[in-house]
Amino acid sequence: MSIKNNYNHTVFACYFGYVVQAIVNNFAPLLFLTFRNEFGIPLEKITSLITINFLFQLVVDVIAAKVVDKIGYRKCIVAAQFFSALGIAGMGFLPNLFSDPYYGLLISILLYALGGGLIEVLVSPIVEACPIKAKKAAMSLLHSFYCWGHLFVVLLSTLFFTLFGIENWRILALVWAVIPLINGFYFIKVPIAPLTAEGEQIPIKKLFSSKTFWLFIVIMVCAGASEQGMSQWASTFAEAGLNVSKTVGDLAGPSLFAITMGVSRVIYSKISEKVDLNKYMTACAVLCITSYAIASFSGNAAFSLVGCAMCGFSVGVMWPGAFSLASEKFPRGGTAMFAFLALAGDFGCSFGPTVVGVATDFLNDDIKRGVFAAVIFPVILIVSLFFMTKLTKKKI
């Protein structure tokens with residue numbers, strides 16, 4: 001069967017789409033000290049690029065809800081890959097075109113943030129629309145590729161810098177840019193099915209008038225916050241738990257969290273047809289609460305690292321699971337539904353670490369106790385899932 005008629009190729013292209021997003025979000029932070037040393041930009045100004053990246057992706061989420069259906073899925077997802085490629089490659093040459101290199105980096109970040117935001121909004125509904133079996137499994141496996149992509153970027157970038165030197169980072173930027181470039185041409189060829197028939201998508205106003213939809217918004221916020229509330233401090237737990245250098249800790253902590261989260265999503269993809277997703281997510285939220293408690297209150301630093309790993313496993317199903325449940329409840333939700341769910345999840349990713357930071361300051365810089373403040377998010381998620389089952393099961 002040719003590529004044009006085989007929806008398995010569509011799913012594979014979406015898998016690589018999440019690898020591209022992992023490159024977009026995780027490659028530049030590995031170079032922050034290099035940017036400071038090479039371009040003379042203050043570190044505070046450089047780290048602001050992370051905030052700009054995610055804020056611009058939030059803006060793209062909102063705009064996409066309005067324009068994607070008018071422009072078309074194929075044009076948007078292909079453009080997302082090419083914008084990502086241009087932004088990643090642009091880091092290597094745009095800073096040298098400005099008297100202040102910061103503006104070159106800023107343009108690069110805005111380009112690949114545009115691509116990353118579109119990818120996040122589009123790949124899940126594209127997979128959901130594919131006429132394939134085991135949609136929940138495909139959705140969970142899809143989101144696992146962000147985890148593997150994250151791990152892939154950190155480990156291979158570190159290996160490249162070790163073998164060829166950090167001063168050759170521009171070459172690596174061009175290498176990473178090849179992946180979205182190729183995937184863009186892949187998306188030109190694969191079949192893309194419409195998520196809903198023309199004129200059948202639920203109006204945005206009706207979506208927001210549904211109590212169930214608002215519960216899904218809360219669930220997505222809690223999913224993002226539960227994940228990033230711990231993930232942001234993963235390197236700290238690794239450094240303390242393994243008694244290693246900060247450099248090794250920065251690799252081991254986030255890598256361990258990404259591995260366990262990815263494994264969780266792969267496991268669910270294998271058992272998705274055998275378990276009740278609502279109950280499974282509830283059990284994972286309970287495990288998340290337990291993991292936060294172990295990480296925060298264990299007197300043994302190694303156990304704190306175990307708690308961090310458990311948290312990665314527990315949050316794995318939350319984001320893709322919420323998408324799958326929402327698709328079941330709102331089969332005519334369309335692009336707008338996925339865009340606003342992604343927006344809620346991204347907000348949670350920003351809000352969770354903020355809550356942890358505020359709590360840590362309040363507790364006199366006690367990071368381990370401060371992290372426990374994020375336990376409120378899996379608790380709220382459990383309550384939201386409970387109330388969701390109490391509402392009508394009628395599809396909208």
# chains A, B, ... in the order shown; residues from 1 in each chain; ligands from 1
$ closest_atom_pairs --of "range 81-191 of chain A" --to "range 250-263 of chain A" --cutoff "9 Å" --atoms "only C-alpha atoms" --output "Markdown table"
| residue | atom | partner | partner_atom | distance |
| --- | --- | --- | --- | --- |
| A:Leu141 | CA | A:Gly262 | CA | 8.4 |
| A:His143 | CA | A:Gly262 | CA | 8.0 |
| A:Ser144 | CA | A:Gly262 | CA | 4.6 |
| A:Phe145 | CA | A:Gly262 | CA | 7.3 |
| A:Tyr146 | CA | A:Gly262 | CA | 7.9 |
| A:Cys147 | CA | A:Ala258 | CA | 5.1 |
| A:Trp148 | CA | A:Gly262 | CA | 6.5 |
| A:His150 | CA | A:Ala258 | CA | 7.0 |
| A:Leu151 | CA | A:Ser255 | CA | 5.7 |
| A:Val154 | CA | A:Leu251 | CA | 7.3 |
| A:Leu155 | CA | A:Leu251 | CA | 7.9 |
| A:Thr158 | CA | A:Leu251 | CA | 8.9 |
$ closest_atom_pairs --of "range 18-122 of chain A" --to "range 126-136 of chain A" --cutoff "10 Å" --atoms "only C-alpha atoms" --output "JSON lines"
{"residue": "A:Tyr73", "atom": "CA", "partner": "A:Ile126", "partner_atom": "CA", "distance": 7.9}
{"residue": "A:Arg74", "atom": "CA", "partner": "A:Ile126", "partner_atom": "CA", "distance": 9.5}
{"residue": "A:Ile77", "atom": "CA", "partner": "A:Ile126", "partner_atom": "CA", "distance": 9.5}
{"residue": "A:Val121", "atom": "CA", "partner": "A:Ile126", "partner_atom": "CA", "distance": 9.4}
{"residue": "A:Leu122", "atom": "CA", "partner": "A:Ile126", "partner_atom": "CA", "distance": 6.1}
$ residues_around --residues "Leu215 in chain A" --least-positions-apart "3" --cutoff "6 Å" --atoms "only C-alpha atoms" --output "PDB file with C-alpha atoms, in the first residue's frame"
ATOM      1  CA  THR A 212     -17.892  18.435  31.350  1.00  0.00           C
ATOM      2  CA  VAL A 218      -9.195  21.491  34.894  1.00  0.00           C
ATOM      3  CA  SER A 384     -12.471  16.163  38.646  1.00  0.00           C
TER       4      SER A 384
END
$ select_by_dssp --residues "range 111-199 of chain A" --states "alpha helix (DSSP H)" --output "PyMOL selection string"
chain A and resi 111-129+135-164+169-189
$ closest_residue --among "A:Gly229, A:Pro320, A:Pro203, A:Gly307" --to "Pro125 in chain A" --atoms "only C-alpha atoms"
A:Pro320
$ atom_distance --atom1 "CA of Phe185 in chain A" --atom2 "CA of Ala79 in chain A"
10.1 Å
$ closest_residue --among "A:Lys66, A:His9, A:Lys368, A:Arg36" --to "Ala339 in chain A" --atoms "only C-alpha atoms"
A:Lys66
$ residues_around --residues "Leu49 in chain A" --least-positions-apart "3" --cutoff "8 Å" --atoms "only C-alpha atoms" --output "mmCIF file with N, CA, C and O atoms, in the first residue's frame"
data_model
loop_
_atom_site.group_PDB
_atom_site.id
_atom_site.type_symbol
_atom_site.label_atom_id
_atom_site.label_comp_id
_atom_site.auth_asym_id
_atom_site.auth_seq_id
_atom_site.Cartn_x
_atom_site.Cartn_y
_atom_site.Cartn_z
ATOM 1 N N LYS A 45 18.919 37.221 30.759
ATOM 2 C CA LYS A 45 18.282 37.575 29.495
ATOM 3 C C LYS A 45 18.129 36.347 28.599
ATOM 4 O O LYS A 45 17.130 36.189 27.891
ATOM 5 N N ILE A 46 19.119 35.458 28.650
ATOM 6 C CA ILE A 46 19.064 34.247 27.844
ATOM 7 C C ILE A 46 17.961 33.312 28.338
ATOM 8 O O ILE A 46 17.177 32.769 27.553
ATOM 9 N N ILE A 52 9.610 33.059 26.799
ATOM 10 C CA ILE A 52 9.089 33.548 25.516
ATOM 11 C C ILE A 52 8.636 32.376 24.648
ATOM 12 O O ILE A 52 7.575 32.431 24.011
ATOM 13 N N ASN A 53 9.424 31.309 24.627
ATOM 14 C CA ASN A 53 9.080 30.124 23.838
ATOM 15 C C ASN A 53 7.705 29.589 24.228
ATOM 16 O O ASN A 53 6.823 29.409 23.385
ATOM 17 N N LEU A 106 16.254 35.478 19.590
ATOM 18 C CA LEU A 106 14.829 35.703 19.802
ATOM 19 C C LEU A 106 14.018 35.348 18.551
ATOM 20 O O LEU A 106 12.978 34.678 18.647
ATOM 21 N N ILE A 109 13.839 31.604 18.247
ATOM 22 C CA ILE A 109 12.904 31.014 19.207
ATOM 23 C C ILE A 109 11.463 31.230 18.764
ATOM 24 O O ILE A 109 10.621 30.331 18.857
#
